[in-house]
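Source file: entry01.cif. Holds: mmCIF, C-alpha atoms.
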```
data_model
#
loop_
_atom_site.label_atom_id
_atom_site.label_comp_id
_atom_site.auth_asym_id
_atom_site.auth_seq_id
_atom_site.Cartn_x
_atom_site.Cartn_y
_atom_site.Cartn_z
CA MET T 783 97.39 70.80 77.89
CA LYS T 784 100.03 72.60 75.86
CA ARG T 785 103.40 72.55 77.55
CA THR T 786 104.99 75.89 78.35
CA PRO T 787 108.76 76.43 78.12
CA TRP T 788 109.43 76.26 81.87
CA GLU T 789 107.56 72.95 82.10
CA VAL T 790 109.98 71.27 79.70
CA ARG T 791 113.23 72.57 81.08
CA LYS T 792 114.68 69.04 81.33
CA VAL T 793 114.17 68.38 77.64
CA ASN T 794 117.32 68.48 75.52
CA SER T 795 117.74 71.95 74.04
CA ASN T 796 118.16 70.39 70.59
CA SER T 797 114.83 68.62 70.82
CA ARG T 798 112.09 69.14 68.28
CA PHE T 799 110.13 71.11 70.88
CA HIS T 800 112.96 73.58 71.34
CA ARG T 801 113.54 73.93 67.62
CA GLU T 802 109.85 74.68 67.11
CA LEU T 803 109.88 77.05 70.07
CA ARG T 804 112.74 79.07 68.58
CA LYS T 805 110.95 79.29 65.25
CA SER T 806 107.89 80.73 66.98
CA LEU T 807 109.81 83.44 68.83
CA SER T 808 110.48 86.98 67.72
CA LEU T 809 111.66 89.90 69.84
CA SER T 810 108.96 92.50 70.40
CA VAL T 811 109.66 96.24 70.41
CA VAL T 812 109.53 96.26 74.21
CA GLN T 813 111.94 93.33 74.40
CA LYS T 814 114.34 94.99 71.96
CA ASN T 815 114.39 98.17 74.04
CA ALA T 816 114.80 96.20 77.27
CA LEU T 817 117.67 94.34 75.60
CA LEU T 818 119.35 97.59 74.52
CA GLY T 819 119.13 98.99 78.05
CA SER T 820 120.46 95.77 79.53
CA LEU T 821 123.41 95.63 77.13
CA LEU T 822 124.34 99.21 77.99
CA GLY T 823 124.25 98.05 81.59
CA ASP T 824 124.95 94.68 83.18
CA GLY T 825 123.43 92.33 80.60
CA CYS T 826 125.54 90.24 78.26
CA LEU T 827 125.03 88.10 75.19
CA ILE T 828 126.74 84.71 75.33
CA THR T 829 127.04 82.10 72.64
CA ASN T 830 125.29 78.74 72.67
CA PRO T 831 127.33 75.50 72.74
CA SER T 832 127.26 75.17 68.95
CA MET T 833 128.35 78.84 68.61
CA THR T 834 125.58 79.51 66.10
CA ASN T 835 123.42 81.94 68.06
CA TYR T 836 123.41 84.00 71.25
CA ARG T 837 121.39 84.18 74.44
CA LEU T 838 120.84 87.01 76.89
CA GLN T 839 122.21 86.51 80.39
CA ILE T 840 121.10 88.73 83.26
CA GLU T 841 122.82 88.48 86.64
CA GLN T 842 122.43 90.88 89.56
CA SER T 843 123.17 90.73 93.26
CA ALA T 844 120.67 88.80 95.34
CA LYS T 845 119.30 92.04 96.83
CA GLN T 846 118.07 92.95 93.32
CA LYS T 847 115.95 89.80 93.03
CA ASP T 848 112.73 91.73 92.39
CA TYR T 849 114.40 93.63 89.57
CA VAL T 850 115.69 90.43 87.95
CA PHE T 851 112.19 88.93 88.10
CA TRP T 852 110.80 92.08 86.45
CA LYS T 853 113.22 91.58 83.55
CA TYR T 854 112.34 87.90 83.49
CA GLU T 855 108.69 88.81 82.96
CA ILE T 856 109.68 90.94 79.95
CA PHE T 857 111.59 88.07 78.32
CA LYS T 858 109.49 85.24 79.72
CA ASN T 859 108.57 83.67 76.38
CA PHE T 860 112.32 83.36 75.64
CA VAL T 861 113.14 81.79 79.02
CA LEU T 862 112.92 78.10 79.98
CA THR T 863 113.37 78.47 83.74
CA PRO T 864 112.74 81.30 86.23
CA PRO T 865 115.70 83.16 87.75
CA LYS T 866 117.97 81.09 89.98
CA ASP T 867 119.56 81.94 93.32
CA LEU T 868 123.33 81.45 93.15
CA ALA T 869 124.60 81.06 96.69
CA ARG T 870 128.26 80.98 95.65
CA THR T 871 128.11 84.48 94.17
CA ASN T 872 125.14 85.75 96.21
CA SER T 873 123.40 86.66 92.99
CA GLU T 874 120.29 86.05 90.93
CA LYS T 875 120.68 84.86 87.32
CA VAL T 876 118.43 84.17 84.36
CA ARG T 877 119.17 83.22 80.76
CA THR T 878 117.08 83.20 77.63
CA VAL T 879 117.20 80.52 74.98
CA SER T 880 119.67 81.16 72.18
CA HIS T 881 118.01 82.79 69.21
CA ARG T 882 118.89 84.40 65.89
CA ASP T 883 117.15 87.66 66.91
CA PHE T 884 119.97 88.33 69.37
CA LEU T 885 122.66 88.22 66.66
CA PRO T 886 122.26 91.84 65.41
CA PHE T 887 122.59 93.09 69.00
CA ARG T 888 125.71 91.00 69.52
CA GLU T 889 127.19 92.62 66.42
CA MET T 890 126.20 96.07 67.72
CA PHE T 891 127.69 95.70 71.19
CA TYR T 892 130.69 93.41 70.78
CA LYS T 893 133.95 93.49 68.88
CA ASN T 894 136.37 90.60 69.17
CA GLY T 895 134.46 89.37 72.20
CA THR T 896 134.71 92.69 74.06
CA LYS T 897 131.70 94.88 74.78
CA ILE T 898 131.79 98.20 72.94
CA LEU T 899 129.49 101.18 72.57
CA PRO T 900 127.36 101.02 69.39
CA ARG T 901 128.01 103.62 66.73
CA ASP T 902 124.33 104.69 66.57
CA LEU T 903 123.01 105.85 69.94
CA SER T 904 119.61 107.09 68.79
CA PHE T 905 117.97 104.33 70.87
CA LEU T 906 118.83 106.34 74.00
CA LYS T 907 115.73 108.42 73.29
CA ASP T 908 113.54 105.53 74.40
CA PRO T 909 112.55 105.85 78.10
CA LEU T 910 112.65 102.08 78.73
CA VAL T 911 116.23 101.92 77.44
CA LEU T 912 117.22 104.79 79.75
CA ALA T 913 115.39 103.32 82.72
CA ILE T 914 117.04 99.91 82.46
CA TRP T 915 120.46 101.42 81.82
CA PHE T 916 120.08 103.58 84.92
CA MET T 917 118.66 100.79 87.10
CA ASP T 918 121.57 98.57 86.02
CA ASP T 919 124.41 101.08 86.23
CA GLY T 920 123.11 104.24 87.83
CA CYS T 921 123.38 105.44 91.40
CA LEU T 922 122.81 108.55 93.46
CA ASP T 923 125.31 110.86 95.08
CA ARG T 924 123.22 113.51 96.76
CA ASN T 925 126.17 115.92 96.80
CA SER T 926 126.91 115.62 93.10
CA GLY T 927 123.91 114.20 91.23
CA TYR T 928 123.35 110.93 89.43
CA ILE T 929 126.25 108.74 88.41
CA LEU T 930 126.26 106.30 85.51
CA ASN T 931 128.92 103.67 86.06
CA THR T 932 130.28 103.52 82.54
CA GLN T 933 133.76 102.34 83.50
CA ASN T 934 133.56 99.46 81.04
CA PHE T 935 133.60 101.99 78.19
CA THR T 936 136.63 103.96 77.00
CA PHE T 937 137.04 107.70 77.44
CA ALA T 938 136.10 108.22 73.78
CA GLU T 939 132.97 106.10 74.25
CA ASN T 940 132.05 108.06 77.37
CA LYS T 941 132.39 111.27 75.34
CA ARG T 942 129.96 109.88 72.77
CA LEU T 943 127.51 108.89 75.49
CA MET T 944 127.76 112.36 77.01
CA ALA T 945 127.18 113.97 73.59
CA ALA T 946 124.10 111.78 73.04
CA LEU T 947 122.64 112.82 76.40
CA VAL T 948 123.35 116.49 75.73
CA ASN T 949 122.47 116.74 72.04
CA ASN T 950 119.66 114.19 71.74
CA LEU T 951 118.00 114.57 75.13
CA GLY T 952 118.70 118.21 75.94
CA LEU T 953 120.54 117.54 79.18
CA GLN T 954 122.98 120.41 79.69
CA TYR T 955 124.92 119.49 82.79
CA ILE T 956 126.72 116.23 82.08
CA SER T 957 130.38 115.57 82.76
CA ILE T 958 132.96 112.78 82.72
CA HIS T 959 134.92 111.99 85.87
CA HIS T 960 137.91 109.81 86.59
CA ASP T 961 137.28 106.67 88.62
CA ARG T 962 140.82 105.48 89.23
CA LYS T 963 142.05 104.57 85.72
CA TYR T 964 138.50 104.44 84.32
CA TYR T 965 135.77 106.98 83.57
CA ARG T 966 132.12 107.42 84.45
CA LEU T 967 129.38 109.89 83.65
CA TYR T 968 127.87 112.42 86.04
CA VAL T 969 124.46 113.97 85.62
CA ARG T 970 124.96 117.12 87.64
CA LYS T 971 122.40 118.50 90.06
CA ARG T 972 120.97 121.03 87.62
CA SER T 973 120.00 118.25 85.19
CA MET T 974 118.86 115.66 87.75
CA VAL T 975 115.13 116.35 87.52
CA ALA T 976 115.13 116.57 83.72
CA PHE T 977 117.10 113.32 83.46
CA ARG T 978 114.97 111.43 85.96
CA ASP T 979 111.70 112.56 84.38
CA LEU T 980 112.70 111.03 81.04
CA PHE T 981 112.23 107.50 82.40
CA LEU T 982 110.53 107.87 85.79
CA THR T 983 107.46 105.79 84.89
CA TYR T 984 109.60 102.68 84.33
CA ILE T 985 111.56 102.79 87.59
CA GLN T 986 110.73 99.70 89.62
CA PRO T 987 109.76 99.96 93.31
CA SER T 988 112.92 98.15 94.43
CA MET T 989 115.00 100.74 92.55
CA GLN T 990 113.30 103.91 93.81
CA TYR T 991 116.18 104.55 96.21
CA LYS T 992 118.42 105.24 93.20
CA ILE T 993 116.43 108.27 92.06
CA ASP T 994 115.23 109.79 95.34
CA PHE T 995 117.56 112.75 95.77
CA SER T 996 115.66 113.84 98.88
CA ASN T 997 116.99 110.71 100.55
CA PRO T 998 120.03 111.57 102.70
CA VAL T 999 121.61 108.18 102.06
CA GLU T 1000 124.35 108.22 99.43
CA THR T 1001 124.14 105.18 97.18
CA CYS T 1002 127.39 105.74 95.24
CA SER T 1003 130.85 105.16 96.58
CA ARG T 1004 133.19 108.13 96.59
CA LEU T 1005 135.85 108.49 93.94
#
```

structure tokens encoding of this file:
Amino acid sequence: MKRTPWEVRKVNSNSRFHRELRKSLSLSVVQKNALLGSLLGDGCLITNPSMTNYRLQIEQSAKQKDYVFWKYEIFKNFVLTPPKDLARTNSEKVRTVSHRDFLPFREMFYKNGTKILPRDLSFLKDPLVLAIWFMDDGCLDRNSGYILNTQNFTFAENKRLMAALVNNLGLQYISIHHDRKYYRLYVRKRSMVAFRDLFLTYIQPSMQYKIDFSNPVETCSRL
């Protein structure tokens, strides 16, 4: 029987099997869009030990286990082992193999080792990108609207994100708010339905609470 990647997880990553596995892999359109959404959100690309290629790392709190497994299914052919429970950090983590297909995305999203906002934001038009970005970094404040926790981006980068949402997606009521010394985006009440409907079909059951503005529970902390 042909061995699958997770059945050979104890084999040295420089083995012939792994070299042949990498040669056989290529990111699909769905995987590329899932990667873009993840990199806008909580995902990161980390180098391999030889510093020749990059791998995707996804880590979320343990309560988001179902969501991590959903992402794992998207990237399963790139992953050697299923997500792991990390008791020390109370989180769930999964990593792909390192692969050359991740290099262009590393160049898009990183400068001198720091995550940046790509120059071209046309990929925001894809509903899967939006859905993953929101499930990673979005939350609900029933008194204000949806919040996108974009504090890792500069004010100028937040302005570009806001312009992309307004100009490319037709969302009129977007604003930038201070969060201590950082900034984050608000999708105001009058644009909530239009924003949500752009990616609603991709929202996972465990993340429904983030979009249900009829729910009286506030899921975002106050500024």

Legend entry - Which residue of T:Glu939, T:Asp923, T:Asp908, T:Glu874 approaches Val812 in chain T most closely, using all atoms listed in the file: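 Among the listed residues, T:Asp908 lies closest to Val812 in chain T.
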
Inset, instruction - Evaluate the PyMOL selection byres ((chain T and resi 852) around 12) and record the selected residues as a PyMOL selection string, following the chain and residue labels used in the document. - result: chain T and resi 816+840+846-851+853-858+864-865+876+914+917+984-989

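Note that CA of Asn830 in chain T and CA of Lys866 in chain T are 18.9 Å apart.
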
Legend entry - Atomic separation - CA of His959 in chain T relative to CA of Asn925 in chain T, Å: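 Result for CA of Asn925 in chain T versus CA of His959 in chain T: 14.5 Å, one decimal.
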
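A straight line drawn from CA of Arg888 in chain T to CA of Tyr836 in chain T is 7.6 Å long.
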
Inset, instruction - Report the residues retrieved by the PyMOL selection byres ((chain T and resi 947) around 12) from the displayed file, expressed as a count of residues only. - result: 32

Please return the centre and edge lengths, in Å to one decimal, of a box with edges along x, y and z that contains all listed atoms of range 964-969 of chain T, widened by 3 Å on every side, as lines of an AutoDock Vina configuration file.
```
center_x = 131.5
center_y = 109.2
center_z = 84.8
size_x = 20.0
size_y = 15.5
size_z = 8.5
```

Residues within 10 Å of (115.8, 95.6, 70.3), file coordinates, counting all atoms listed in the file: what are they? Give the list as a compact mmCIF listing (two decimals) with C-alpha atoms, in the frame of the given file.
```
# COMPACT_ATOMS: atom_id res chain seq x y z
CA LEU T 809 111.66 89.90 69.84
CA SER T 810 108.96 92.50 70.40
CA VAL T 811 109.66 96.24 70.41
CA VAL T 812 109.53 96.26 74.21
CA GLN T 813 111.94 93.33 74.40
CA LYS T 814 114.34 94.99 71.96
CA ASN T 815 114.39 98.17 74.04
CA ALA T 816 114.80 96.20 77.27
CA LEU T 817 117.67 94.34 75.60
CA LEU T 818 119.35 97.59 74.52
CA GLY T 819 119.13 98.99 78.05
CA ASP T 883 117.15 87.66 66.91
CA PHE T 884 119.97 88.33 69.37
CA PRO T 886 122.26 91.84 65.41
CA PHE T 887 122.59 93.09 69.00
CA PHE T 905 117.97 104.33 70.87
CA VAL T 911 116.23 101.92 77.44
```

Inset, instruction - May I have the residues at most 8 Å from (124.7, 100.8, 66.1) in the file's coordinates, counting only C-alpha atoms, as a list in words? - result: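 Residues with an atom at most 8 Å from (124.7, 100.8, 66.1): Met890, Phe891, Pro900, Arg901, Asp902 and Leu903 of chain T.
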
Inset, instruction - Rank nothing, just name the residue among T:Ile993, T:Val975, T:Leu899, T:Leu982 nearest to Ile929 in chain T, using only C-alpha atoms. - result: T:Ile993

Inset, instruction - Point out the residue among T:Phe916, T:Ala844, T:Arg962, T:Arg970 with the least atom-to-atom distance to Tyr991 in chain T, counting all atoms listed in the file. - result: T:Phe916

Inset, instruction - Could you tell me which of T:Asp824, T:Asp867, T:Glu841, T:Asp994 comes closest to Asn934 in chain T if we count only C-alpha atoms? - result: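 Ranked by minimum distance to Asn934 in chain T, first place goes to T:Asp824.
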
Inset, instruction - Find the spatial neighbours of Lys805 in chain T, counting only C-alpha atoms, within a cut-off of 12 Å - ignore same-chain residues fewer than 6 positions away - and output them as number ranges by chain. - result: T: 798-799, 860, 879-883

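Applied to the file shown here, the PyMOL selection byres ((chain T and resi 828) around 10) selects Gly825, Cys826, Leu827, Thr829, Asn830, Pro831, Met833, Asn835, Tyr836, Arg837, Leu838, Gln839, Arg877, Ser880, Phe884, Arg888 and Gly895 of chain T.
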